[in-house]
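Following: one structure in structure tokens, then a few remarks.
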Amino acid sequence: MNKKKLSISLLFALLCFAFSASAQQPAATSAKAPLAGKYTEKGADTCIKCHDEDADYPVFDIFKTKHGTRGDKRSPFAGLQCEACHGPGVAGAEAMQETLDRGGHVGRVRPGQERPPILNFGSKSDEPVELQNSMCLSCHETGDHISWKGSVHEDADIACAKCHTIHTVADRVLERETQPEVCLDCHKTQRIEFQKPSHHPVRTGQMACSECHAPHGSAADRSLIKPTLNETCYSCHAEKRGPFLWEHAPVTENCSLCHAPHGSIHAPLLEKRTGWLCQQCHSQAGHPSVELSPAGLPGGSPSPFLLGDSCLNCHIQVHGSNHPSGVKLMR
Amino acid sequence: MMSRQKMKKTAASVFTLTVLAAHFSAALAEEFITDTGEHIDITDWECKFCEFEEGFSGEVELGAGYVSDDSYKFGEYTGLNEEGAFPVGNASIRYRDDIDADYLNLSLRDAGLDSRSLRIEGGRQGTYDAFLFYQEIPHFLSDTAMTPYQGNGSENLSLPAAWVAAGSTAGMTALNASLRDVDLEVERKRFGVGLRFIPTAPWKYEVAVRRDTREGKMGTSGAFFFRGMNLVEPIDYETDQVDVSAAYRGKDWQATLHYYGSFFSNDNDSLIWQNAFAPIVPGATFGQRAQAPDNQFHQLQATAAYEITDATRLSGDIAVGRMTQDEDFLPATTNPNLNAGVLPANSLDGEVDTLTANLKVHSRPTDRLRVKGAWGYSDRDNNTPQNAYTWVSTDAFVNAPRTNLPYSFTRQEFKLDADYRIDNFTRLGAGFEHENIERTYLEAEETDEDTIWGELKVRARQNMDMTVKIARAERDVSDYQPVAEIDPDQNPLLRKYNMADRTRHSVRVIANASPSQRATVGVSFDFSTDEYTDSTVGLTDARDAAVSIDAGVQLTEDTSLHAFAGFERIRSRQSGSSIFAAPDWEARNDDTVNTAGIGARHTLIEDKLDIGADYILMRATGEISVDGSDFPDLENDRDTIKLYANYRLKETMSLHLAYWYEDYDVQNWSVDQVNPDTLPGVLTFGEENESYDVNVVTLSVRYKF
């Protein structure tokens, strides 16, 4: 226990150090990560005279979003407009004008064609992911985004723009119904799992991945939204939290010891059929350890250990019982 | 392409921009001054081509649809569970005032279904926001259950006056005449409001309150010794959750302080049911079981991160919480002929303190090297009082007292990993993790697991990348002893799989390629094996494998195709002993899932008619064999076809026609041919499997403004 106290004290000390070391820092009101180069003379007008609604990559929908709001001093269009995120644009504008003067193409970038010297974003960008993300983090590294650095997605070099679309009215990854399409594009094993018969309502649009996972990183394993897996589950299933008089040990330790949260062919989201799932941990003398065989199916000698709810035909309180006589999880 | 030097300069020069003049007055010169002294003149940045949005805009969809057949499984979460017509209603409405930054977003989805949702968010951007949401999530669980009980949906279940109790279901001669259909479904309604407030730029405050109610009926069971009966459990839950947080964003550090409270209450304390079987002892004619007790959880969490240098970041969090539960106990039995004495307490006074803490250092000492170290601590300290409870087995037999075992866990984890960029195309990583878990009142007081992993990332040109990760983990259990307080004893050869010696190997391969700007291909492969090296009885080994591929291609400006396919196999073996000795049976589980889909989008008439189609198949099979005897395969075959056409009547109005066909065939020996009286000792619901064949068509008008 002394080790634990020492460890926690160390954590506090480090956190206090972090606070105190920064206490004298002036607060930033609007931090940007600028790129080297020269800013245009006319700002956004330089860009959107070409990037209009008929362009290969139209951008006008940004004016329907928070980024395109002049009244919010934090917004790009209250400041350096397009160049707030894309960096100084003179070099890019000049390069495109030169291309146009030569009669060249300035629309969609063809394979092998060099991109114009302007910072662009997303999985097809040539720019280092760290640089792309630094532009976003210069404003958004707060709240839920504190843990981005060192997160699983950052380690995997995921660009913010791989998931987020900025120049659209509705960012697909922020909409409950469409978010899973974005996540499952990379998390392909989970896409299989959500197709299984027993599943959370993600495939059908009633639940988003981000109701359990924090895509910008968290302290918990699997980037869960709560400090532990069980606390994450309890945020929707609080009736299983207890504490109960008679606890079922694996339930209190880790819900995923029995449940497969992304889907299963064994309802409700069980790792395997009930009888064998229980028998992995219960081998007392008598009925918990009997061999379950096909002879126990209808047509043979129907077995209560197989049919109906199997072990739960009697031991229904698998998540714990608060009944004085519930020690066997039957009351 | 930006030069490396410029990138370095960028990464090293995060600075503050200060707005010196009002933004919106064209008469005044406007200028940004950076902390490096750079003046950026934005006087002529008129944004005259910018189409800032003012006023209301959005889209409203109204129409009607028709479902061809009843199926609780088809409409499990959507509300499309019953044959008949339903209204279609969706809306996305926005209001924006670009200058004052006032805004309002309204999103209404599936207004005509039991899965409807509404979210309204508005305020003054950058100053305050308020939001309100409402969502209904149905969960249809069965529409084929039958029960002789009366009072379903209440806390008291009784049998008809003419009921004939018997020693087995075969003797329940009034059963067939007494059976009534009962639909099992639970509807969750979620209502929340919240407020975000940004008084000054670096601070942000949030408060949010959410209420979840769940009402309905679920399947459950009750038992008298070895006689069980499926019952209907009333669900009437209410959970209130409160989040209050303050976030600060400084130049080099950020911090958040967050309170979370969760308050669960259950309108039902117990479920009382009449014994459908002949009582095994006098008085065992009614049973009573507890329902989930009211409980609370409070947690205070602090999270902070500090940029020690441009290349090194320290972050940590600590969360202190407490779960409490003090619901009044029910009596030990309702059997008037039994005396279990006086309860040692009127309620549990249950209390669990939780503490989680994490500290992480993340550094990039050079352009090529990333290093990360992390420590994690999680403690569940169960302070619930222990008492000896004289317990009554299924309201039939009084037993010797048993003492409750409040389980506590402490988990610590250390991680150290690094990755090194060998060149512009190759990155090599490796890591080590150690996890220690201490438990109370369980077979293994302590387990230790060490994991090592290596990872190779290769980027072949900008449009192709591949990641290969391999890992090996070894879990060691210092001492495994059956728990003395558990009666009857577990087989001493049993090793519970979460506390057993285990060797785990895993491989992950992910590859993505964009052969052209118009085409993408992605492949992923996951494989892992678990060997429980010291488990004679219990789970002995497990293997999981999953392979997926997807592709998308924009064939022409008007036509795109996409497709995916996935295969997953989950296998395991376990041994058991029916004679409380060495294993005398072995079971093998083998689940296989194949899924695939293909779809197309096409513009048939430019600016007029768009069409699309998707087909998805899913084939899931569960094979179980015990000592070579095979159970019938568990089969779940689903085919889905979705078609749509969108015809634009004019600039602001379009017609949307959609068709959805789904065929689902199930073979499930748990319920197939299991009638209420199939089992002599268990009165079941006699449900049918959830196979269905459903068509849905919708026609709607979409209006944009």
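Identifiers in this document derive from the order of the structure tokens: chains are assigned A, B, ..., residues are numbered from 1 separately in each chain, and ligands are numbered from 1 in order of occurrence.
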Every residue of segment 71-264 of chain A that DSSP places in alpha helix (DSSP H), as an MDAnalysis selection string: chainID A and resid 82:86 90:101 129:140 152:155 160:163 179:186 188:194 229:234 249:253
Close residues, segment 173-183 of chain B itself excluded, 6 Å, only C-alpha atoms, min 2 positions apart in chain, as JSON, numbers by chain: {"B": [142, 143, 145, 146, 147, 148, 163, 164, 171]}
Prev. selection, C-alpha atoms, output as a PDB file, in the first residue's frame:
ATOM      1  CA  SER B 142     -39.392 -10.884 -28.548  1.00  0.00           C
ATOM      2  CA  ASP B 143     -42.837 -11.036 -30.105  1.00  0.00           C
ATOM      3  CA  ALA B 145     -43.098 -15.346 -26.055  1.00  0.00           C
ATOM      4  CA  MET B 146     -46.010 -17.062 -24.293  1.00  0.00           C
ATOM      5  CA  THR B 147     -46.694 -17.228 -20.602  1.00  0.00           C
ATOM      6  CA  PRO B 148     -49.525 -18.459 -18.357  1.00  0.00           C
ATOM      7  CA  TRP B 163     -53.897 -23.532 -12.841  1.00  0.00           C
ATOM      8  CA  VAL B 164     -52.808 -27.084 -12.121  1.00  0.00           C
ATOM      9  CA  GLY B 171     -48.447 -32.456 -15.568  1.00  0.00           C
TER      10      GLY B 171
END
Residue contacts of Ala430 of chain B (12 Å, only C-alpha atoms) excluding same-chain residues fewer than 6 positions away, as a PyMOL selection string: chain B and resi 369-372+415-420+451-457+468-472
Pick from B:Thr503, B:Ser378, B:Ser245, B:Thr621, whichever lies nearest to Glu531 of chain B using only C-alpha atoms: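 Under the stated criterion, the closest residue is B:Thr503.
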Spatial neighbours of Tyr134 of chain B, 6 Å, only C-alpha atoms, chain gap at least 5 places, as a ChimeraX atom specification: /B:117-118,190-191
Keeping only N, CA and C atoms, write those residues as a PDB file, in the first residue's frame.
ATOM      1  N   SER B 117     -35.421  11.149 -32.725  1.00  0.00           N
ATOM      2  CA  SER B 117     -34.478  11.940 -31.931  1.00  0.00           C
ATOM      3  C   SER B 117     -34.537  13.396 -32.368  1.00  0.00           C
ATOM      4  N   LEU B 118     -34.246  14.248 -31.431  1.00  0.00           N
ATOM      5  CA  LEU B 118     -34.247  15.688 -31.690  1.00  0.00           C
ATOM      6  C   LEU B 118     -33.065  16.303 -30.956  1.00  0.00           C
ATOM      7  N   ARG B 190     -34.324   9.320 -23.691  1.00  0.00           N
ATOM      8  CA  ARG B 190     -33.160  10.059 -23.186  1.00  0.00           C
ATOM      9  C   ARG B 190     -33.427  11.548 -23.403  1.00  0.00           C
ATOM     10  N   PHE B 191     -33.326  12.300 -22.354  1.00  0.00           N
ATOM     11  CA  PHE B 191     -33.546  13.737 -22.454  1.00  0.00           C
ATOM     12  C   PHE B 191     -32.374  14.437 -21.784  1.00  0.00           C
TER      13      PHE B 191
END
DSSP-assigned strand (DSSP E or B) among segment 55-296 of chain A, expressed as an NGL selection string: :A and (198 or 213 or 224 or 246 or 259 or 264 or 266 or 270 or 284)
Shell of 8 Å around Ala255 of chain B, only C-alpha atoms, local chain residues under 6 positions omitted, as a list in words: Thr142, Gly143 and Ile146 of chain A; Ala247, Tyr248, Arg249, Ala302, Thr303, Ala304 and Ala305 of chain B
Dump as a short mmCIF file (atom, residue, chain, number, x, y, z; two decimals), in the first residue's frame, selection limited to C-alpha atoms:
data_model
loop_
_atom_site.label_atom_id
_atom_site.label_comp_id
_atom_site.auth_asym_id
_atom_site.auth_seq_id
_atom_site.Cartn_x
_atom_site.Cartn_y
_atom_site.Cartn_z
CA THR A 142 -8.34 21.68 -25.10
CA GLY A 143 -11.13 19.85 -23.33
CA ILE A 146 -6.00 17.33 -24.30
CA ALA B 247 -11.44 23.59 -19.00
CA TYR B 248 -8.46 25.90 -19.26
CA ARG B 249 -6.20 26.26 -22.23
CA ALA B 302 -8.70 16.30 -13.05
CA THR B 303 -6.80 16.09 -16.32
CA ALA B 304 -3.80 18.17 -17.24
CA ALA B 305 -1.14 18.28 -19.90
#
Atom pair atom CA of Asp379 of chain B / atom CA of Glu445 of chain B: separation (Å): 14.2 Å
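Minimum distance to Asn230 of chain A across B:Asn646, B:Glu687, B:Thr354, B:Ile422 (counting only C-alpha atoms) occurs at B:Thr354.
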Near-segment 506-509 of chain B list (9 Å; only C-alpha atoms; drop same-chain fewer than 2 positions) as a PyMOL selection string: chain B and resi 466-473+504+511+523-530
Please dump the current selection as an mmCIF file, in the first residue's frame; keep N, CA and C atoms.
data_model
loop_
_atom_site.group_PDB
_atom_site.id
_atom_site.type_symbol
_atom_site.label_atom_id
_atom_site.label_comp_id
_atom_site.auth_asym_id
_atom_site.auth_seq_id
_atom_site.Cartn_x
_atom_site.Cartn_y
_atom_site.Cartn_z
ATOM 1 N N MET B 466 1.511 0.487 -45.132
ATOM 2 C CA MET B 466 1.251 -0.798 -44.502
ATOM 3 C C MET B 466 1.819 -0.786 -43.086
ATOM 4 N N THR B 467 1.073 -1.355 -42.167
ATOM 5 C CA THR B 467 1.531 -1.478 -40.786
ATOM 6 C C THR B 467 1.449 -2.939 -40.376
ATOM 7 N N VAL B 468 2.537 -3.424 -39.800
ATOM 8 C CA VAL B 468 2.555 -4.791 -39.277
ATOM 9 C C VAL B 468 2.933 -4.713 -37.808
ATOM 10 N N LYS B 469 2.113 -5.299 -36.968
ATOM 11 C CA LYS B 469 2.411 -5.278 -35.538
ATOM 12 C C LYS B 469 2.322 -6.692 -34.992
ATOM 13 N N ILE B 470 3.315 -7.092 -34.256
ATOM 14 C CA ILE B 470 3.286 -8.398 -33.609
ATOM 15 C C ILE B 470 3.497 -8.194 -32.112
ATOM 16 N N ALA B 471 2.860 -9.029 -31.336
ATOM 17 C CA ALA B 471 2.973 -8.878 -29.884
ATOM 18 C C ALA B 471 2.967 -10.246 -29.222
ATOM 19 N N ARG B 472 3.633 -10.304 -28.101
ATOM 20 C CA ARG B 472 3.629 -11.527 -27.291
ATOM 21 C C ARG B 472 3.424 -11.117 -25.842
ATOM 22 N N ALA B 473 2.481 -11.780 -25.199
ATOM 23 C CA ALA B 473 2.198 -11.451 -23.799
ATOM 24 C C ALA B 473 2.228 -12.714 -22.967
ATOM 25 N N ARG B 504 -0.071 -15.201 -24.915
ATOM 26 C CA ARG B 504 -0.856 -14.645 -26.027
ATOM 27 C C ARG B 504 0.087 -14.146 -27.124
ATOM 28 N N ALA B 511 -3.159 -2.500 -44.387
ATOM 29 C CA ALA B 511 -2.580 -1.925 -45.599
ATOM 30 C C ALA B 511 -3.637 -1.114 -46.324
ATOM 31 N N VAL B 523 -6.935 -3.216 -46.608
ATOM 32 C CA VAL B 523 -6.952 -4.598 -46.149
ATOM 33 C C VAL B 523 -6.552 -4.607 -44.678
ATOM 34 N N SER B 524 -7.214 -5.408 -43.883
ATOM 35 C CA SER B 524 -6.753 -5.575 -42.510
ATOM 36 C C SER B 524 -6.813 -7.054 -42.126
ATOM 37 N N PHE B 525 -5.894 -7.421 -41.259
ATOM 38 C CA PHE B 525 -5.783 -8.812 -40.825
ATOM 39 C C PHE B 525 -5.443 -8.809 -39.341
ATOM 40 N N ASP B 526 -6.254 -9.491 -38.565
ATOM 41 C CA ASP B 526 -5.996 -9.618 -37.126
ATOM 42 C C ASP B 526 -5.974 -11.089 -36.762
ATOM 43 N N PHE B 527 -4.972 -11.466 -36.017
ATOM 44 C CA PHE B 527 -4.888 -12.861 -35.600
ATOM 45 C C PHE B 527 -4.319 -12.906 -34.191
ATOM 46 N N SER B 528 -4.931 -13.708 -33.340
ATOM 47 C CA SER B 528 -4.355 -13.868 -32.008
ATOM 48 C C SER B 528 -4.624 -15.273 -31.486
ATOM 49 N N THR B 529 -3.698 -15.726 -30.677
ATOM 50 C CA THR B 529 -3.869 -17.031 -30.029
ATOM 51 C C THR B 529 -3.627 -16.869 -28.540
ATOM 52 N N ASP B 530 -4.452 -17.539 -27.763
ATOM 53 C CA ASP B 530 -4.277 -17.576 -26.311
ATOM 54 C C ASP B 530 -4.070 -19.021 -25.894
#
Give me the residues near Ile579 of chain B as a short mmCIF file (atom, residue, chain, number, x, y, z; two decimals) with C-alpha atoms, in the first residue's frame, where near means some atom within 10 Å (using only C-alpha atoms) and where sequence neighbours in that chain fewer than 3 positions away do not count.
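Once everything was written out, this is selection34.cif:
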data_model
loop_
_atom_site.label_atom_id
_atom_site.label_comp_id
_atom_site.auth_asym_id
_atom_site.auth_seq_id
_atom_site.Cartn_x
_atom_site.Cartn_y
_atom_site.Cartn_z
CA SER A 283 -16.60 -26.60 -12.12
CA GLN A 284 -18.09 -27.48 -8.76
CA ALA A 285 -19.15 -31.04 -8.07
CA GLY A 286 -22.63 -31.62 -9.38
CA SER A 289 -19.73 -29.36 -14.40
CA VAL A 290 -21.91 -31.84 -16.28
CA ASN B 491 -12.48 -28.22 -8.84
CA GLY B 576 -14.49 -29.93 -17.80
CA ALA B 582 -9.34 -34.80 -13.97
CA PRO B 583 -11.07 -33.61 -17.15
CA ASP B 584 -13.49 -36.05 -18.71
#
Residue with smallest distance to Ser303 of chain A - pool A:Val318, A:Gly275, A:Phe60, A:Ser235, counting only C-alpha atoms: A:Gly275
